[in-house]
Amino acid sequence: MTRAERIAEICASNAAIEGPLLPILHAVQRAFGCVDAEAERVIAQALNLSRAEVHGVVSFYHDFTAEPDPRPLVQICRAEACQARGVEALVSAAEAAAGDRVRLGTVYCLGLCSAGPSARVGDRVHARLDEAALVELVRSA
Ligand code: FES
């Protein structure tokens, strides 16, 4: 199966759900580590959209990258509840710890609002982070 055929298969498996574009983009990002121009073309064709429409969504969300990024990803929640619990004061320390080795991402709510600040690495969500805990999380990613 070619890459384009696999992307078309992902599109077909999500075609029946309402608003299939974002689930498809997430699935393609997970499968290939990116949503590149070829993927945008195949998805646009499958959903009867223009490539510009698909690209507009891809470029709007930070979750999607045009090429694979092999660095580990630490996603820090910067939504309101985590902001209220002090996440913004931790970000610069996380950035310093990340350097060029770790990619930091922003998410808006990980479902642990009362236990923030929260961050996700892979499938695991970490809560009640202070600066030392977040820096350690970044260093160990
Ligand atoms: S606002 Fe951060 S986990 Fe909900």
# chains A, B, ... in the order shown; residues from 1 in each chain; ligands from 1

call {"tool": "residues_around", "arguments": {"residues": "Leu110 of chain A", "least_positions_apart": "5", "cutoff": "9 Å", "atoms": "only C-alpha atoms", "output": "PyMOL selection string"}}
result
chain A and resi 76-77+79+118-120+125

call {"tool": "write_last_selection", "arguments": {"atoms": "C-alpha atoms", "output": "tab-separated table (two decimals), in the first residue's frame"}}
result
chain	number	residue	atom	x	y	z
A	76	ILE	CA	1.87	22.35	28.13
A	77	CYS	CA	-1.70	23.33	28.93
A	79	ALA	CA	-5.89	27.25	29.01
A	118	SER	CA	-0.79	20.19	33.48
A	119	ALA	CA	1.31	18.87	30.63
A	120	ARG	CA	1.25	15.82	28.37
A	125	VAL	CA	-0.81	13.60	31.42

call {"tool": "residues_near_ligand", "arguments": {"ligand": "ligand 1", "cutoff": "7 Å", "atoms": "only C-alpha atoms and all ligand atoms", "output": "NGL selection string"}}
result
:A and (77-82 or 108-113 or 116-118)

call {"tool": "residues_around", "arguments": {"residues": "segment 25-41 of chain A", "least_positions_apart": "3", "cutoff": "6 Å", "atoms": "only C-alpha atoms", "output": "list in words"}}
result
Leu22, Ala44, Arg51, Thr65, Ala66, Glu67 and Pro68 of chain A

call {"tool": "select_by_dssp", "arguments": {"residues": "chain A", "states": "strand (DSSP E)", "output": "PyMOL selection string"}}
result
chain A and resi 73-77+103-107+119-121+124-126

call {"tool": "select_by_dssp", "arguments": {"residues": "chain A", "states": "helix (DSSP H, G or I)", "output": "PyMOL selection string"}}
result
chain A and resi 3-14+21-32+37-47+51-60+80-84+88-98+113-115+131-140

call {"tool": "atom_distance", "arguments": {"atom1": "atom CA of Ala132 of chain A", "atom2": "atom CA of Ala93 of chain A"}}
result
8.7 Å

call {"tool": "residues_around", "arguments": {"residues": "Asp100 of chain A", "least_positions_apart": "5", "cutoff": "12 Å", "atoms": "only C-alpha atoms", "output": "mmCIF file with C-alpha atoms, in the first residue's frame"}}
result
data_model
loop_
_atom_site.group_PDB
_atom_site.id
_atom_site.type_symbol
_atom_site.label_atom_id
_atom_site.label_comp_id
_atom_site.auth_asym_id
_atom_site.auth_seq_id
_atom_site.Cartn_x
_atom_site.Cartn_y
_atom_site.Cartn_z
ATOM 1 C CA ASP A 69 9.836 16.320 13.744
ATOM 2 C CA PRO A 70 11.660 13.502 15.543
ATOM 3 C CA ARG A 71 12.106 15.454 18.759
ATOM 4 C CA PRO A 72 10.061 14.426 21.790
ATOM 5 C CA LEU A 73 7.002 16.613 22.322
ATOM 6 C CA ALA A 94 10.472 24.811 30.351
ATOM 7 C CA GLU A 95 11.739 26.563 27.209
ATOM 8 C CA VAL A 138 11.065 18.264 29.820
ATOM 9 C CA ARG A 139 14.547 16.945 30.585
#

call {"tool": "closest_residue", "arguments": {"among": "A:Ala141, A:Ala52, A:Ala4, A:Val57", "to": "Val74 of chain A", "atoms": "only C-alpha atoms"}}
result
A:Ala141

call {"tool": "closest_residue", "arguments": {"among": "A:Ala8, A:Val58, A:Ala16, A:Leu137", "to": "Ala98 of chain A", "atoms": "only C-alpha atoms"}}
result
A:Leu137

call {"tool": "decode", "arguments": {"residues": "segment 101-125 of chain A", "atoms": "N, CA and C atoms", "output": "PDB file, in the first residue's frame"}}
result
ATOM      1  N   ARG A 101      16.438  20.335  21.792  1.00  0.00           N
ATOM      2  CA  ARG A 101      16.271  18.892  21.861  1.00  0.00           C
ATOM      3  C   ARG A 101      14.826  18.446  21.990  1.00  0.00           C
ATOM      4  N   VAL A 102      14.008  19.244  22.669  1.00  0.00           N
ATOM      5  CA  VAL A 102      12.615  18.884  22.934  1.00  0.00           C
ATOM      6  C   VAL A 102      11.720  19.937  22.296  1.00  0.00           C
ATOM      7  N   ARG A 103      10.640  19.485  21.705  1.00  0.00           N
ATOM      8  CA  ARG A 103       9.664  20.407  21.120  1.00  0.00           C
ATOM      9  C   ARG A 103       8.587  20.677  22.156  1.00  0.00           C
ATOM     10  N   LEU A 104       8.361  21.952  22.453  1.00  0.00           N
ATOM     11  CA  LEU A 104       7.286  22.319  23.363  1.00  0.00           C
ATOM     12  C   LEU A 104       6.069  22.701  22.543  1.00  0.00           C
ATOM     13  N   GLY A 105       4.917  22.206  22.956  1.00  0.00           N
ATOM     14  CA  GLY A 105       3.672  22.561  22.302  1.00  0.00           C
ATOM     15  C   GLY A 105       2.704  23.120  23.319  1.00  0.00           C
ATOM     16  N   THR A 106       1.706  23.778  22.820  1.00  0.00           N
ATOM     17  CA  THR A 106       0.656  24.326  23.677  1.00  0.00           C
ATOM     18  C   THR A 106      -0.634  23.591  23.404  1.00  0.00           C
ATOM     19  N   VAL A 107      -1.336  23.234  24.464  1.00  0.00           N
ATOM     20  CA  VAL A 107      -2.676  22.663  24.338  1.00  0.00           C
ATOM     21  C   VAL A 107      -3.608  23.485  25.212  1.00  0.00           C
ATOM     22  N   TYR A 108      -4.877  23.380  24.901  1.00  0.00           N
ATOM     23  CA  TYR A 108      -5.863  24.140  25.655  1.00  0.00           C
ATOM     24  C   TYR A 108      -6.828  23.175  26.320  1.00  0.00           C
ATOM     25  N   CYS A 109      -6.392  22.700  27.452  1.00  0.00           N
ATOM     26  CA  CYS A 109      -7.101  21.836  28.395  1.00  0.00           C
ATOM     27  C   CYS A 109      -6.783  20.366  28.143  1.00  0.00           C
ATOM     28  N   LEU A 110      -6.330  19.750  29.209  1.00  0.00           N
ATOM     29  CA  LEU A 110      -6.045  18.313  29.207  1.00  0.00           C
ATOM     30  C   LEU A 110      -6.998  17.568  30.128  1.00  0.00           C
ATOM     31  N   GLY A 111      -8.020  18.252  30.598  1.00  0.00           N
ATOM     32  CA  GLY A 111      -9.038  17.599  31.418  1.00  0.00           C
ATOM     33  C   GLY A 111      -8.680  17.466  32.888  1.00  0.00           C
ATOM     34  N   LEU A 112      -7.617  18.101  33.317  1.00  0.00           N
ATOM     35  CA  LEU A 112      -7.225  18.045  34.728  1.00  0.00           C
ATOM     36  C   LEU A 112      -7.166  19.461  35.300  1.00  0.00           C
ATOM     37  N   CYS A 113      -8.199  20.234  35.004  1.00  0.00           N
ATOM     38  CA  CYS A 113      -8.186  21.662  35.313  1.00  0.00           C
ATOM     39  C   CYS A 113      -7.972  21.947  36.795  1.00  0.00           C
ATOM     40  N   SER A 114      -8.569  21.160  37.662  1.00  0.00           N
ATOM     41  CA  SER A 114      -8.457  21.438  39.099  1.00  0.00           C
ATOM     42  C   SER A 114      -7.103  20.999  39.650  1.00  0.00           C
ATOM     43  N   ALA A 115      -6.299  20.324  38.831  1.00  0.00           N
ATOM     44  CA  ALA A 115      -4.998  19.844  39.291  1.00  0.00           C
ATOM     45  C   ALA A 115      -3.864  20.423  38.448  1.00  0.00           C
ATOM     46  N   GLY A 116      -4.133  21.548  37.788  1.00  0.00           N
ATOM     47  CA  GLY A 116      -3.109  22.154  36.960  1.00  0.00           C
ATOM     48  C   GLY A 116      -2.030  22.804  37.800  1.00  0.00           C
ATOM     49  N   PRO A 117      -1.013  23.308  37.167  1.00  0.00           N
ATOM     50  CA  PRO A 117      -0.700  23.230  35.733  1.00  0.00           C
ATOM     51  C   PRO A 117      -0.449  21.787  35.277  1.00  0.00           C
ATOM     52  N   SER A 118      -0.870  21.538  34.043  1.00  0.00           N
ATOM     53  CA  SER A 118      -0.789  20.190  33.484  1.00  0.00           C
ATOM     54  C   SER A 118       0.004  20.194  32.193  1.00  0.00           C
ATOM     55  N   ALA A 119       0.579  19.041  31.885  1.00  0.00           N
ATOM     56  CA  ALA A 119       1.306  18.872  30.628  1.00  0.00           C
ATOM     57  C   ALA A 119       1.184  17.419  30.201  1.00  0.00           C
ATOM     58  N   ARG A 120       1.360  17.189  28.905  1.00  0.00           N
ATOM     59  CA  ARG A 120       1.252  15.822  28.367  1.00  0.00           C
ATOM     60  C   ARG A 120       2.530  15.461  27.620  1.00  0.00           C
ATOM     61  N   VAL A 121       2.983  14.255  27.882  1.00  0.00           N
ATOM     62  CA  VAL A 121       4.081  13.679  27.109  1.00  0.00           C
ATOM     63  C   VAL A 121       3.586  12.329  26.598  1.00  0.00           C
ATOM     64  N   GLY A 122       3.497  12.186  25.299  1.00  0.00           N
ATOM     65  CA  GLY A 122       2.917  10.961  24.745  1.00  0.00           C
ATOM     66  C   GLY A 122       1.465  10.851  25.180  1.00  0.00           C
ATOM     67  N   ASP A 123       1.100   9.707  25.716  1.00  0.00           N
ATOM     68  CA  ASP A 123      -0.275   9.501  26.174  1.00  0.00           C
ATOM     69  C   ASP A 123      -0.458   9.825  27.651  1.00  0.00           C
ATOM     70  N   ARG A 124       0.589  10.257  28.294  1.00  0.00           N
ATOM     71  CA  ARG A 124       0.533  10.458  29.748  1.00  0.00           C
ATOM     72  C   ARG A 124       0.387  11.934  30.093  1.00  0.00           C
ATOM     73  N   VAL A 125      -0.582  12.226  30.963  1.00  0.00           N
ATOM     74  CA  VAL A 125      -0.812  13.596  31.416  1.00  0.00           C
ATOM     75  C   VAL A 125      -0.262  13.734  32.826  1.00  0.00           C
TER      76      VAL A 125
END
